[in-house]
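Shown here: query-v1.pdb, PDB, C-alpha atoms.
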ATOM      1  CA  MET A   1      13.871 166.166 130.757
ATOM      2  CA  ARG A   2      10.980 165.094 128.529
ATOM      3  CA  ILE A   3      10.992 161.640 126.941
ATOM      4  CA  ASP A   4      11.729 163.072 123.485
ATOM      5  CA  GLU A   5      14.721 164.960 124.936
ATOM      6  CA  ILE A   6      15.989 161.770 126.556
ATOM      7  CA  ILE A   7      15.724 159.877 123.277
ATOM      8  CA  ASN A   8      17.442 162.664 121.338
ATOM      9  CA  ARG A   9      20.255 162.765 123.883
ATOM     10  CA  LEU A  10      20.792 159.008 123.616
ATOM     11  CA  THR A  11      21.052 159.411 119.861
ATOM     12  CA  THR A  12      23.545 162.265 120.251
ATOM     13  CA  LEU A  13      25.597 160.140 122.653
ATOM     14  CA  ARG A  14      25.518 157.299 120.090
ATOM     15  CA  ILE A  15      24.097 154.856 122.606
ATOM     16  CA  ASP A  16      22.168 151.997 121.004
ATOM     17  CA  HIS A  17      18.704 151.888 122.552
ATOM     18  CA  GLU A  18      15.203 150.515 122.140
ATOM     19  CA  VAL A  19      12.273 152.530 123.463
ATOM     20  CA  ILE A  20       8.895 151.157 124.581
ATOM     21  CA  LEU A  21       6.624 154.128 125.224
ATOM     22  CA  ASN A  22       3.633 154.003 127.538
ATOM     23  CA  ASP A  23       0.748 155.815 125.879
ATOM     24  CA  ARG A  24      -0.873 156.770 129.181
ATOM     25  CA  LEU A  25       1.986 159.091 130.109
ATOM     26  CA  ASP A  26       1.829 162.736 128.987
ATOM     27  CA  THR A  27       4.598 163.547 126.484
ATOM     28  CA  ASP A  28       5.241 166.864 128.265
ATOM     29  CA  ILE A  29       6.190 165.267 131.607
ATOM     30  CA  ASP A  30       9.552 166.483 132.895
ATOM     31  CA  PHE A  31      11.329 163.396 134.221
ATOM     32  CA  VAL A  32      13.942 164.031 136.914
ATOM     33  CA  PRO A  33      16.912 161.927 138.098
ATOM     34  CA  ALA A  34      15.849 159.497 140.810
ATOM     35  CA  SER A  35      17.155 156.691 143.004
ATOM     36  CA  LEU A  36      15.585 153.295 143.628
ATOM     37  CA  LYS A  37      16.305 153.904 147.322
ATOM     38  CA  ARG A  38      13.657 156.657 147.310
ATOM     39  CA  LEU A  39      10.999 156.287 144.654
ATOM     40  CA  ILE A  40       9.307 159.375 143.269
ATOM     41  CA  ARG A  41       6.754 159.905 140.559
ATOM     42  CA  ASN A  42       8.147 160.881 137.129
ATOM     43  CA  GLY A  43      11.653 159.718 137.999
ATOM     44  CA  LEU A  44      14.438 158.770 135.616
ATOM     45  CA  TYR A  45      15.833 155.466 136.937
ATOM     46  CA  PHE A  46      18.251 152.770 135.891
ATOM     47  CA  ILE A  47      18.037 149.102 136.812
ATOM     48  CA  GLN A  48      21.282 147.373 135.988
ATOM     49  CA  SER A  49      19.724 143.925 135.707
ATOM     50  CA  LEU A  50      16.032 143.058 135.873
ATOM     51  CA  GLU A  51      17.085 139.487 136.544
ATOM     52  CA  ASN A  52      18.365 140.555 139.975
ATOM     53  CA  PHE A  53      15.656 143.141 140.645
ATOM     54  CA  HIS A  54      12.862 141.745 142.790
ATOM     55  CA  ALA A  55      10.912 144.856 143.786
ATOM     56  CA  GLU A  56       7.963 146.434 142.008
ATOM     57  CA  LEU A  57       8.990 148.653 139.123
ATOM     58  CA  PRO A  58       8.631 152.401 139.683
ATOM     59  CA  ALA A  59       5.405 153.759 138.210
ATOM     60  CA  ASP A  60       4.874 156.663 135.804
ATOM     61  CA  SER A  61       8.588 157.076 135.177
ATOM     62  CA  VAL A  62      11.379 156.313 132.723
ATOM     63  CA  ILE A  63      13.298 153.105 133.409
ATOM     64  CA  ILE A  64      16.611 152.431 131.709
ATOM     65  CA  THR A  65      17.334 148.718 131.843
ATOM     66  CA  ASN A  66      18.872 145.872 129.893
ATOM     67  CA  GLU A  67      15.718 143.801 129.272
ATOM     68  CA  MET A  68      12.091 144.144 128.335
ATOM     69  CA  ALA A  69       9.722 144.977 131.176
ATOM     70  CA  ALA A  70       6.008 145.522 131.643
ATOM     71  CA  GLY A  71       4.526 148.307 133.733
ATOM     72  CA  THR A  72       3.206 151.848 133.689
ATOM     73  CA  SER A  73       6.486 153.526 132.758
ATOM     74  CA  HIS A  74       8.460 154.224 129.617
ATOM     75  CA  ILE A  75      11.135 151.548 129.138
ATOM     76  CA  ILE A  76      14.461 152.231 127.462
ATOM     77  CA  ARG A  77      16.503 149.137 126.790
ATOM     78  CA  VAL A  78      20.294 149.543 126.550
ATOM     79  CA  ASN A  79      23.348 147.372 126.993
ATOM     80  CA  ASN A  80      24.733 149.160 130.075
ATOM     81  CA  PRO A  81      21.955 150.891 132.061
ATOM     82  CA  GLN A  82      24.161 152.430 134.753
ATOM     83  CA  LEU A  83      26.635 153.932 132.303
ATOM     84  CA  THR A  84      23.780 155.259 130.166
ATOM     85  CA  HIS A  85      22.078 156.816 133.197
ATOM     86  CA  TYR A  86      25.303 158.509 134.287
ATOM     87  CA  LYS A  87      25.939 159.928 130.823
ATOM     88  CA  LEU A  88      22.412 161.308 130.618
ATOM     89  CA  LEU A  89      22.733 162.959 134.002
ATOM     90  CA  GLN A  90      25.973 164.769 133.224
ATOM     91  CA  THR A  91      23.920 167.639 131.841
ATOM     92  CA  TYR A  92      22.078 167.941 135.177
ATOM     93  CA  ASN A  93      25.309 169.116 136.819
ATOM     94  CA  SER A  94      24.315 172.330 138.593
ATOM     95  CA  MET A  95      27.510 172.826 140.612
ATOM     96  CA  ALA A  96      28.839 175.752 138.617
ATOM     97  CA  THR A  97      28.851 179.222 140.116
ATOM     98  CA  LYS A  98      28.312 181.930 137.525
ATOM     99  CA  GLY A  99      30.872 184.702 137.279
ATOM    100  CA  ILE A 100      33.071 186.168 140.010
ATOM    101  CA  HIS A 101      31.367 187.053 143.288
ATOM    102  CA  PRO A 102      32.086 190.597 144.536
ATOM    103  CA  THR A 103      33.292 189.300 147.925
ATOM    104  CA  ALA A 104      36.131 187.284 146.352
ATOM    105  CA  ILE A 105      39.645 188.618 146.969
ATOM    106  CA  ILE A 106      41.811 188.128 143.879
ATOM    107  CA  SER A 107      45.475 189.016 143.504
ATOM    108  CA  ASP A 108      46.347 191.422 140.719
ATOM    109  CA  ASP A 109      48.931 188.828 139.651
ATOM    110  CA  ALA A 110      46.407 186.006 139.258
ATOM    111  CA  LEU A 111      45.954 184.783 135.687
ATOM    112  CA  LEU A 112      42.344 183.763 135.046
ATOM    113  CA  GLY A 113      41.172 181.890 131.953
ATOM    114  CA  ASN A 114      37.875 182.250 130.162
ATOM    115  CA  ASN A 115      34.562 181.498 131.875
ATOM    116  CA  VAL A 116      36.104 181.094 135.341
ATOM    117  CA  SER A 117      33.580 181.015 138.200
ATOM    118  CA  ILE A 118      34.649 182.164 141.673
ATOM    119  CA  GLY A 119      32.180 182.008 144.542
ATOM    120  CA  PRO A 120      31.673 184.129 147.667
ATOM    121  CA  PHE A 121      34.617 184.828 149.996
ATOM    122  CA  CYS A 122      37.251 182.998 147.943
ATOM    123  CA  VAL A 123      40.861 184.177 148.284
ATOM    124  CA  ILE A 124      42.981 183.849 145.144
ATOM    125  CA  GLY A 125      46.744 184.407 145.218
ATOM    126  CA  LYS A 126      49.351 184.710 142.498
ATOM    127  CA  CYS A 127      48.280 181.638 140.548
ATOM    128  CA  LYS A 128      47.112 180.448 137.133
ATOM    129  CA  ILE A 129      43.531 179.241 136.690
ATOM    130  CA  GLY A 130      42.464 177.663 133.397
ATOM    131  CA  ASP A 131      39.298 177.996 131.348
ATOM    132  CA  ASP A 132      35.953 176.867 132.781
ATOM    133  CA  VAL A 133      37.301 176.323 136.308
ATOM    134  CA  CYS A 134      34.694 176.610 139.056
ATOM    135  CA  LEU A 135      35.544 177.504 142.661
ATOM    136  CA  LYS A 136      32.696 177.423 145.173
ATOM    137  CA  ASN A 137      32.506 179.335 148.471
ATOM    138  CA  HIS A 138      35.470 180.104 150.758
ATOM    139  CA  VAL A 139      38.052 178.381 148.547
ATOM    140  CA  VAL A 140      41.656 179.506 149.072
ATOM    141  CA  ILE A 141      44.167 179.266 146.224
ATOM    142  CA  GLU A 142      47.656 180.196 147.411
ATOM    143  CA  ASP A 143      50.580 181.518 145.318
ATOM    144  CA  ASN A 144      52.367 179.265 142.831
ATOM    145  CA  VAL A 145      49.341 177.108 142.022
ATOM    146  CA  THR A 146      48.215 176.062 138.538
ATOM    147  CA  ILE A 147      44.702 174.700 138.019
ATOM    148  CA  GLY A 148      43.819 173.064 134.710
ATOM    149  CA  ALA A 149      40.762 173.739 132.597
ATOM    150  CA  GLY A 150      37.398 172.364 133.666
ATOM    151  CA  THR A 151      38.410 171.613 137.245
ATOM    152  CA  PHE A 152      35.828 172.035 140.026
ATOM    153  CA  ILE A 153      36.774 172.796 143.653
ATOM    154  CA  ASP A 154      34.037 172.762 146.289
ATOM    155  CA  SER A 155      33.667 174.977 149.348
ATOM    156  CA  ASN A 156      36.224 175.393 152.159
ATOM    157  CA  SER A 157      39.097 173.735 150.316
ATOM    158  CA  VAL A 158      42.667 175.070 150.411
ATOM    159  CA  ILE A 159      45.111 174.558 147.546
ATOM    160  CA  GLY A 160      48.778 175.336 148.160
ATOM    161  CA  ALA A 161      48.779 175.311 151.970
ATOM    162  CA  GLY A 162      52.130 175.242 153.745
ATOM    163  CA  GLY A 163      53.332 171.922 155.111
ATOM    164  CA  LEU A 164      55.291 171.102 158.248
ATOM    165  CA  ALA A 165      58.801 169.744 157.770
ATOM    166  CA  TRP A 166      61.400 170.233 160.517
ATOM    167  CA  ILE A 167      64.310 168.751 162.496
ATOM    168  CA  TRP A 168      65.804 169.315 165.945
ATOM    169  CA  ASP A 169      68.992 171.341 166.265
ATOM    170  CA  ASP A 170      71.774 170.610 168.765
ATOM    171  CA  ASP A 171      69.923 172.518 171.475
ATOM    172  CA  GLY A 172      66.638 170.701 170.997
ATOM    173  CA  SER A 173      64.957 173.566 169.171
ATOM    174  CA  ARG A 174      62.688 172.864 166.219
ATOM    175  CA  ILE A 175      64.077 174.169 162.905
ATOM    176  CA  MET A 176      61.447 174.454 160.184
ATOM    177  CA  GLN A 177      62.053 173.827 156.504
ATOM    178  CA  PRO A 178      60.449 176.490 154.296
ATOM    179  CA  GLN A 179      57.745 175.262 151.922
ATOM    180  CA  LEU A 180      58.629 177.025 148.671
ATOM    181  CA  GLY A 181      57.155 174.778 145.988
ATOM    182  CA  GLY A 182      53.776 174.817 144.308
ATOM    183  CA  VAL A 183      50.774 172.765 143.259
ATOM    184  CA  ILE A 184      49.746 171.639 139.779
ATOM    185  CA  ILE A 185      46.212 170.340 139.289
ATOM    186  CA  GLU A 186      45.591 169.095 135.767
ATOM    187  CA  LYS A 187      42.358 169.518 133.827
ATOM    188  CA  ASP A 188      38.926 168.093 134.635
ATOM    189  CA  CYS A 189      39.613 167.275 138.280
ATOM    190  CA  LEU A 190      36.953 167.427 141.003
ATOM    191  CA  LEU A 191      37.846 168.304 144.581
ATOM    192  CA  ALA A 192      35.075 168.161 147.178
ATOM    193  CA  THR A 193      34.658 170.214 150.359
ATOM    194  CA  ASP A 194      37.375 170.636 152.993
ATOM    195  CA  VAL A 195      40.177 169.225 150.854
ATOM    196  CA  THR A 196      43.683 170.477 151.607
ATOM    197  CA  VAL A 197      46.536 170.165 149.112
ATOM    198  CA  VAL A 198      49.923 171.114 150.579
ATOM    199  CA  ARG A 199      52.420 172.739 148.259
ATOM    200  CA  GLY A 200      55.740 171.106 147.447
ATOM    201  CA  SER A 201      58.867 171.642 149.495
ATOM    202  CA  LEU A 202      61.590 173.790 147.969
ATOM    203  CA  SER A 203      61.738 173.235 144.181
ATOM    204  CA  GLU A 204      59.110 170.476 143.905
ATOM    205  CA  ASN A 205      55.407 170.633 143.105
ATOM    206  CA  THR A 206      52.538 168.598 144.472
ATOM    207  CA  TRP A 207      50.887 167.125 141.366
ATOM    208  CA  ILE A 208      47.307 165.941 140.794
ATOM    209  CA  GLY A 209      46.674 164.198 137.475
ATOM    210  CA  GLU A 210      43.964 164.805 134.931
ATOM    211  CA  GLY A 211      40.462 163.598 135.788
ATOM    212  CA  THR A 212      41.232 162.794 139.425
ATOM    213  CA  VAL A 213      38.403 163.098 141.972
ATOM    214  CA  ILE A 214      39.032 163.767 145.664
ATOM    215  CA  ALA A 215      36.216 163.434 148.203
ATOM    216  CA  HIS A 216      35.432 165.452 151.313
ATOM    217  CA  GLY A 217      38.034 165.962 154.014
ATOM    218  CA  THR A 218      40.998 164.435 152.198
ATOM    219  CA  LYS A 219      44.486 165.812 152.917
ATOM    220  CA  ILE A 220      47.345 165.672 150.396
ATOM    221  CA  GLY A 221      50.899 166.021 151.757
ATOM    222  CA  HIS A 222      53.716 168.068 150.250
ATOM    223  CA  GLY A 223      55.247 166.813 147.028
ATOM    224  CA  SER A 224      52.744 163.989 146.512
ATOM    225  CA  GLN A 225      52.380 162.792 142.917
ATOM    226  CA  ILE A 226      48.902 161.584 141.973
ATOM    227  CA  GLY A 227      48.271 160.009 138.577
ATOM    228  CA  ALA A 228      45.371 160.537 136.204
ATOM    229  CA  ASN A 229      41.848 159.370 137.029
ATOM    230  CA  VAL A 230      42.566 158.480 140.645
ATOM    231  CA  HIS A 231      39.608 158.351 143.039
ATOM    232  CA  MET A 232      40.115 159.263 146.695
ATOM    233  CA  ALA A 233      37.188 158.668 149.020
ATOM    234  CA  ASN A 234      36.482 160.862 152.047
ATOM    235  CA  ASN A 235      39.123 161.579 154.694
ATOM    236  CA  VAL A 236      42.056 159.974 152.904
ATOM    237  CA  SER A 237      45.475 161.072 154.205
ATOM    238  CA  LEU A 238      48.557 161.145 151.979
ATOM    239  CA  ALA A 239      51.829 161.902 153.749
ATOM    240  CA  GLY A 240      54.549 163.869 152.004
ATOM    241  CA  ASN A 241      55.926 162.624 148.676
ATOM    242  CA  ALA A 242      53.497 159.731 148.343
ATOM    243  CA  VAL A 243      53.087 158.495 144.756
ATOM    244  CA  ILE A 244      49.714 157.141 143.614
ATOM    245  CA  GLY A 245      49.492 155.411 140.235
ATOM    246  CA  ALA A 246      46.847 156.275 137.662
ATOM    247  CA  SER A 247      43.304 154.932 138.006
ATOM    248  CA  SER A 248      43.804 153.848 141.613
ATOM    249  CA  PHE A 249      40.998 153.928 144.192
ATOM    250  CA  LEU A 250      41.765 154.929 147.779
ATOM    251  CA  GLY A 251      39.039 153.984 150.268
ATOM    252  CA  SER A 252      37.651 156.117 153.064
ATOM    253  CA  ALA A 253      40.058 157.149 155.826
ATOM    254  CA  CYS A 254      42.993 155.160 154.475
ATOM    255  CA  VAL A 255      46.498 156.436 155.169
ATOM    256  CA  ILE A 256      49.456 156.354 152.776
ATOM    257  CA  SER A 257      52.771 156.883 154.550
ATOM    258  CA  SER A 258      55.459 159.278 153.319
ATOM    259  CA  ASN A 259      57.508 158.334 150.247
ATOM    260  CA  ILE A 260      55.313 155.288 149.535
ATOM    261  CA  SER A 261      54.608 154.402 145.889
ATOM    262  CA  LEU A 262      51.529 152.549 144.659
ATOM    263  CA  PRO A 263      51.307 151.282 141.060
ATOM    264  CA  PRO A 264      48.401 152.104 138.741
ATOM    265  CA  ASN A 265      45.014 150.469 139.304
ATOM    266  CA  THR A 266      45.556 149.808 143.008
ATOM    267  CA  ILE A 267      42.542 149.581 145.316
ATOM    268  CA  VAL A 268      43.171 150.476 148.966
ATOM    269  CA  GLY A 269      40.458 149.425 151.404
ATOM    270  CA  ALA A 270      38.777 151.744 153.886
ATOM    271  CA  SER A 271      40.889 152.610 156.958
ATOM    272  CA  ALA A 272      43.910 150.710 155.630
ATOM    273  CA  MET A 273      47.417 151.959 156.375
ATOM    274  CA  VAL A 274      49.971 151.494 153.600
ATOM    275  CA  ASN A 275      53.556 151.688 154.855
ATOM    276  CA  LYS A 276      55.499 149.881 152.125
ATOM    277  CA  ASN A 277      55.798 150.021 148.354
ATOM    278  CA  PHE A 278      53.996 147.667 145.998
ATOM    279  CA  GLU A 279      54.995 146.982 142.408
ATOM    280  CA  ASP A 280      52.283 144.968 140.629
ATOM    281  CA  GLU A 281      49.279 146.659 139.069
ATOM    282  CA  PHE A 282      45.669 145.672 139.830
ATOM    283  CA  LEU A 283      46.228 144.814 143.498
ATOM    284  CA  THR A 284      43.674 145.259 146.264
ATOM    285  CA  LEU A 285      45.209 146.162 149.631
ATOM    286  CA  ALA A 286      43.568 146.152 153.052
ATOM    287  CA  GLY A 287      44.435 146.087 156.733
ATOM    288  CA  VAL A 288      46.831 147.730 159.186
ATOM    289  CA  PRO A 289      49.462 147.522 157.905
ATOM    290  CA  ALA A 290      48.042 146.887 154.444
ATOM    291  CA  ILE A 291      48.632 143.562 152.718
ATOM    292  CA  VAL A 292      47.552 142.177 149.351
ATOM    293  CA  ILE A 293      44.115 140.569 149.596
ATOM    294  CA  ARG A 294      43.466 140.242 145.862
ATOM    295  CA  LYS A 295      45.447 140.176 142.644
ATOM    296  CA  ASN A 296      43.985 140.939 139.203
ATOM    297  CA  ASN A 297      41.214 142.942 140.844
ATOM    298  CA  PHE A 298      39.718 143.712 137.414
ATOM    299  CA  ASN A 299      38.164 140.225 137.387
ATOM    300  CA  ASP A 300      35.489 141.078 139.958
ATOM    301  CA  LYS A 301      33.293 143.997 140.994
ATOM    302  CA  PRO A 302      34.552 145.104 144.430
ATOM    303  CA  LYS A 303      32.035 146.180 147.060
ATOM    304  CA  GLY A 304      31.529 149.928 147.007
ATOM    305  CA  VAL A 305      34.123 150.476 144.283
ATOM    306  CA  PRO A 306      33.723 150.659 140.494
ATOM    307  CA  LYS A 307      35.197 147.649 138.757
ATOM    308  CA  PRO A 308      38.789 148.462 137.722
ATOM    309  CA  PHE A 309      39.125 149.074 134.006
ATOM    310  CA  LYS A 310      41.551 146.940 132.057
ATOM    311  CA  HIS A 311      42.118 147.493 128.341
ATOM    312  CA  LYS A 312      41.430 144.410 126.295
ATOM    313  CA  THR A 313      44.542 143.010 124.662
ATOM    314  CA  LEU A 314      44.283 142.330 120.959
TER
END
Would you mind writing the structure in this file as structure tokens?
Amino acid sequence: MRIDEIINRLTTLRIDHEVILNDRLDTDIDFVPASLKRLIRNGLYFIQSLENFHAELPADSVIITNEMAAGTSHIIRVNNPQLTHYKLLQTYNSMATKGIHPTAIISDDALLGNNVSIGPFCVIGKCKIGDDVCLKNHVVIEDNVTIGAGTFIDSNSVIGAGGLAWIWDDDGSRIMQPQLGGVIIEKDCLLATDVTVVRGSLSENTWIGEGTVIAHGTKIGHGSQIGANVHMANNVSLAGNAVIGASSFLGSACVISSNISLPPNTIVGASAMVNKNFEDEFLTLAGVPAIVIRKNNFNDKPKGVPKPFKHKTL
């Protein structure tokens, strides 16, 4: 992205900004997204606070920051550098597969919306897939699944898998309960690789709310109800009928036991095991079994977790 394109995009996004151009840089340079952990020439960086930044500024690049700075790069001053950087980079999203790959197996009863992308070796059952959904390689969508518009599902994920519910009979034989329900994934969700979502038992659906993101290796049990804008880190395990409130954050490898309910805006620490219900919002839980380690978690920026969002009261 050239510097003029960056400036135009900031204007389109209605982000207040002040630009200090470096005349020695060619106006036709294509700046690319970059991380301060690995500096490259002609990168597009953000520095959240120059006050806390003690390294040498990247050279010959674009730096989005909250203060004035001197150096050999273009400087763009904004109020929230990280948020601005993220919004700019949304257009760099190259995850989408284009069209339907000829190796995909698609049921004649599948209902596909407009501009649906289905990658190699996907298997699509009798389901409903909304507009602008993207499925990468080897994704399996079983019968009785609904996927909302704009959702992205990465490779090797299975939506609508059968669960395991059973009891012993009088002779000690295992009697299985059929898994007859479905899965509903609302719009604009993102599911990473190797995610499994088990369908509901009998008449229930497993439900994933709008805007939820689920990282690699996570497993969702039958009948679980997940609110909007939840974030699940890698290898999270939800047992059957767990309920996760909106805007919660579940840390890596945490376990939520069956029929447990968490209120909105809960943070669960990595490797924690939650085996009882909690009622108050904005709690941070950690440990085995999990206990409350912080209330009103919106007051501080947790390590490795975005700061919980709390609407300002008027």
Provide the CA of Asn235 in chain A to CA of Asp131 in chain A distance in Å, to one decimal place. 28.5 Å
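Evaluating the PyMOL selection byres ((chain A and resi 256) around 8) against the shown model yields Ser237, Leu238, Ala239, Ala242, Cys254, Val255, Ser257, Ser258, Ile260, Met273, Val274 and Asn275 of chain A.
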Can you tell me, as a PyMOL selection string, what residues are no more than 12 Å from Leu13 in chain A when counting only C-alpha atoms, ignoring any on the same chain fewer than 5 positions away? chain A and resi 6-8+83-88+90-91
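Proximity to Thr206 in chain A at 9 Å, evaluated using all atoms listed in the file and with sequence-adjacent residues fewer than 4 positions away removed, yields Gly160, Gly181, Gly182, Val183, Ile184, Ile185, Val197, Val198, Arg199, Gly200, Ser201, Ile220, Gly221, His222, Gly223, Ser224, Gln225, Ile226 and Asn241 of chain A.
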Go ahead and write the residues just picked, C-alpha atoms, as a PDB file, in the frame of the given file.
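Listing of selection.pdb after writing:
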ATOM      1  CA  GLY A 160      48.778 175.336 148.160  1.00  0.00           C
ATOM      2  CA  GLY A 181      57.155 174.778 145.988  1.00  0.00           C
ATOM      3  CA  GLY A 182      53.776 174.817 144.308  1.00  0.00           C
ATOM      4  CA  VAL A 183      50.774 172.765 143.259  1.00  0.00           C
ATOM      5  CA  ILE A 184      49.746 171.639 139.779  1.00  0.00           C
ATOM      6  CA  ILE A 185      46.212 170.340 139.289  1.00  0.00           C
ATOM      7  CA  VAL A 197      46.536 170.165 149.112  1.00  0.00           C
ATOM      8  CA  VAL A 198      49.923 171.114 150.579  1.00  0.00           C
ATOM      9  CA  ARG A 199      52.420 172.739 148.259  1.00  0.00           C
ATOM     10  CA  GLY A 200      55.740 171.106 147.447  1.00  0.00           C
ATOM     11  CA  SER A 201      58.867 171.642 149.495  1.00  0.00           C
ATOM     12  CA  ILE A 220      47.345 165.672 150.396  1.00  0.00           C
ATOM     13  CA  GLY A 221      50.899 166.021 151.757  1.00  0.00           C
ATOM     14  CA  HIS A 222      53.716 168.068 150.250  1.00  0.00           C
ATOM     15  CA  GLY A 223      55.247 166.813 147.028  1.00  0.00           C
ATOM     16  CA  SER A 224      52.744 163.989 146.512  1.00  0.00           C
ATOM     17  CA  GLN A 225      52.380 162.792 142.917  1.00  0.00           C
ATOM     18  CA  ILE A 226      48.902 161.584 141.973  1.00  0.00           C
ATOM     19  CA  ASN A 241      55.926 162.624 148.676  1.00  0.00           C
TER      20      ASN A 241
END
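For the pair CA of Asn299 in chain A and CA of Leu285 in chain A, the interatomic distance is 15.3 Å.
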Got a sec: who's within 12 Å of range 291-294 of chain A, counting all atoms listed in the file, leaving out chain neighbours fewer than 5 positions off, as a list of chain:residue names?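 Selected residues are A:Thr266, A:Ile267, A:Val268, A:Gly269, A:Ala272, A:Met273, A:Val274, A:Asn275, A:Lys276, A:Asn277, A:Phe278, A:Glu279, A:Asp280, A:Glu281, A:Phe282, A:Leu283, A:Thr284, A:Leu285, A:Ala286, A:Asn299, A:Asp300, A:Lys301, A:Pro302.
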Could the residues in this selection be written to a file with C-alpha atoms, as an mmCIF file, in the coordinates of the input?
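Contents of result.cif, as written:
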data_model
loop_
_atom_site.group_PDB
_atom_site.id
_atom_site.type_symbol
_atom_site.label_atom_id
_atom_site.label_comp_id
_atom_site.auth_asym_id
_atom_site.auth_seq_id
_atom_site.Cartn_x
_atom_site.Cartn_y
_atom_site.Cartn_z
ATOM 1 C CA THR A 266 45.556 149.808 143.008
ATOM 2 C CA ILE A 267 42.542 149.581 145.316
ATOM 3 C CA VAL A 268 43.171 150.476 148.966
ATOM 4 C CA GLY A 269 40.458 149.425 151.404
ATOM 5 C CA ALA A 272 43.910 150.710 155.630
ATOM 6 C CA MET A 273 47.417 151.959 156.375
ATOM 7 C CA VAL A 274 49.971 151.494 153.600
ATOM 8 C CA ASN A 275 53.556 151.688 154.855
ATOM 9 C CA LYS A 276 55.499 149.881 152.125
ATOM 10 C CA ASN A 277 55.798 150.021 148.354
ATOM 11 C CA PHE A 278 53.996 147.667 145.998
ATOM 12 C CA GLU A 279 54.995 146.982 142.408
ATOM 13 C CA ASP A 280 52.283 144.968 140.629
ATOM 14 C CA GLU A 281 49.279 146.659 139.069
ATOM 15 C CA PHE A 282 45.669 145.672 139.830
ATOM 16 C CA LEU A 283 46.228 144.814 143.498
ATOM 17 C CA THR A 284 43.674 145.259 146.264
ATOM 18 C CA LEU A 285 45.209 146.162 149.631
ATOM 19 C CA ALA A 286 43.568 146.152 153.052
ATOM 20 C CA ASN A 299 38.164 140.225 137.387
ATOM 21 C CA ASP A 300 35.489 141.078 139.958
ATOM 22 C CA LYS A 301 33.293 143.997 140.994
ATOM 23 C CA PRO A 302 34.552 145.104 144.430
#
Would you compute an axis-aligned box for range 232-235 of chain A, covering every atom listed for it in the file with 8 Å of margin on each side, and report centre and edge lengths in Å to one decimal as JSON?
{"center_x": 38.3, "center_y": 160.1, "center_z": 150.7, "size_x": 19.6, "size_y": 18.9, "size_z": 24.0}
Which polymer residues, whether protein, DNA or RNA, lie within 7 Å of the coordinate (48.8, 180.1, 137.9) when you count all atoms listed in the file? List them as a ChimeraX atom specification, using the chain letters and numbers from the file. /A:110-111,126-129,144-147
Please list as a PyMOL selection string every residue within 9 Å of range 246-253 of chain A, counting all atoms listed in the file and excluding residues in the same chain fewer than 4 positions away. chain A and resi 209+212+215+218+226-237+262-272+282+305-306+308-309
Spatial neighbours of Ile63 in chain A, 12 Å, all atoms listed in the file, chain gap at least 6 places, as an MDAnalysis selection string: chainID A and resid 3 6 18:22 31:36 39 41:50 57 69:78 81:82 84:85
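Between CA of Glu142 in chain A and CA of Ile159 in chain A lies a distance of 6.2 Å.
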So which residues are close to (36.0, 181.2, 146.7), meaning at most 6 Å away in the file's coordinates with all atoms listed in the file counted, and can you show them as a short mmCIF file (atom, residue, chain, number, x, y, z; two decimals) with C-alpha atoms, in the coordinates of the input?
data_model
loop_
_atom_site.label_atom_id
_atom_site.label_comp_id
_atom_site.auth_asym_id
_atom_site.auth_seq_id
_atom_site.Cartn_x
_atom_site.Cartn_y
_atom_site.Cartn_z
CA ILE A 118 34.65 182.16 141.67
CA GLY A 119 32.18 182.01 144.54
CA PRO A 120 31.67 184.13 147.67
CA PHE A 121 34.62 184.83 150.00
CA CYS A 122 37.25 183.00 147.94
CA VAL A 123 40.86 184.18 148.28
CA LEU A 135 35.54 177.50 142.66
CA LYS A 136 32.70 177.42 145.17
CA ASN A 137 32.51 179.34 148.47
CA HIS A 138 35.47 180.10 150.76
CA VAL A 139 38.05 178.38 148.55
#
Rank A:Val140, A:Val62, A:Leu191, A:Asn156 by their smallest atom-to-atom distance to Ile106 in chain A, using all atoms listed in the file, and report the top residue only.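 That would be A:Val140, the residue with the smallest distance to Ile106 in chain A.
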Selected residue of minimal separation from Ile153 in chain A among A:Asn259, A:Thr103, A:Ser117, A:Asn296, counting only C-alpha atoms: A:Ser117
Report the residues retrieved by the PyMOL selection byres ((chain A and resi 133) around 6) from the displayed file, expressed as a ChimeraX atom specification. /A:116,131-132,134,149-152
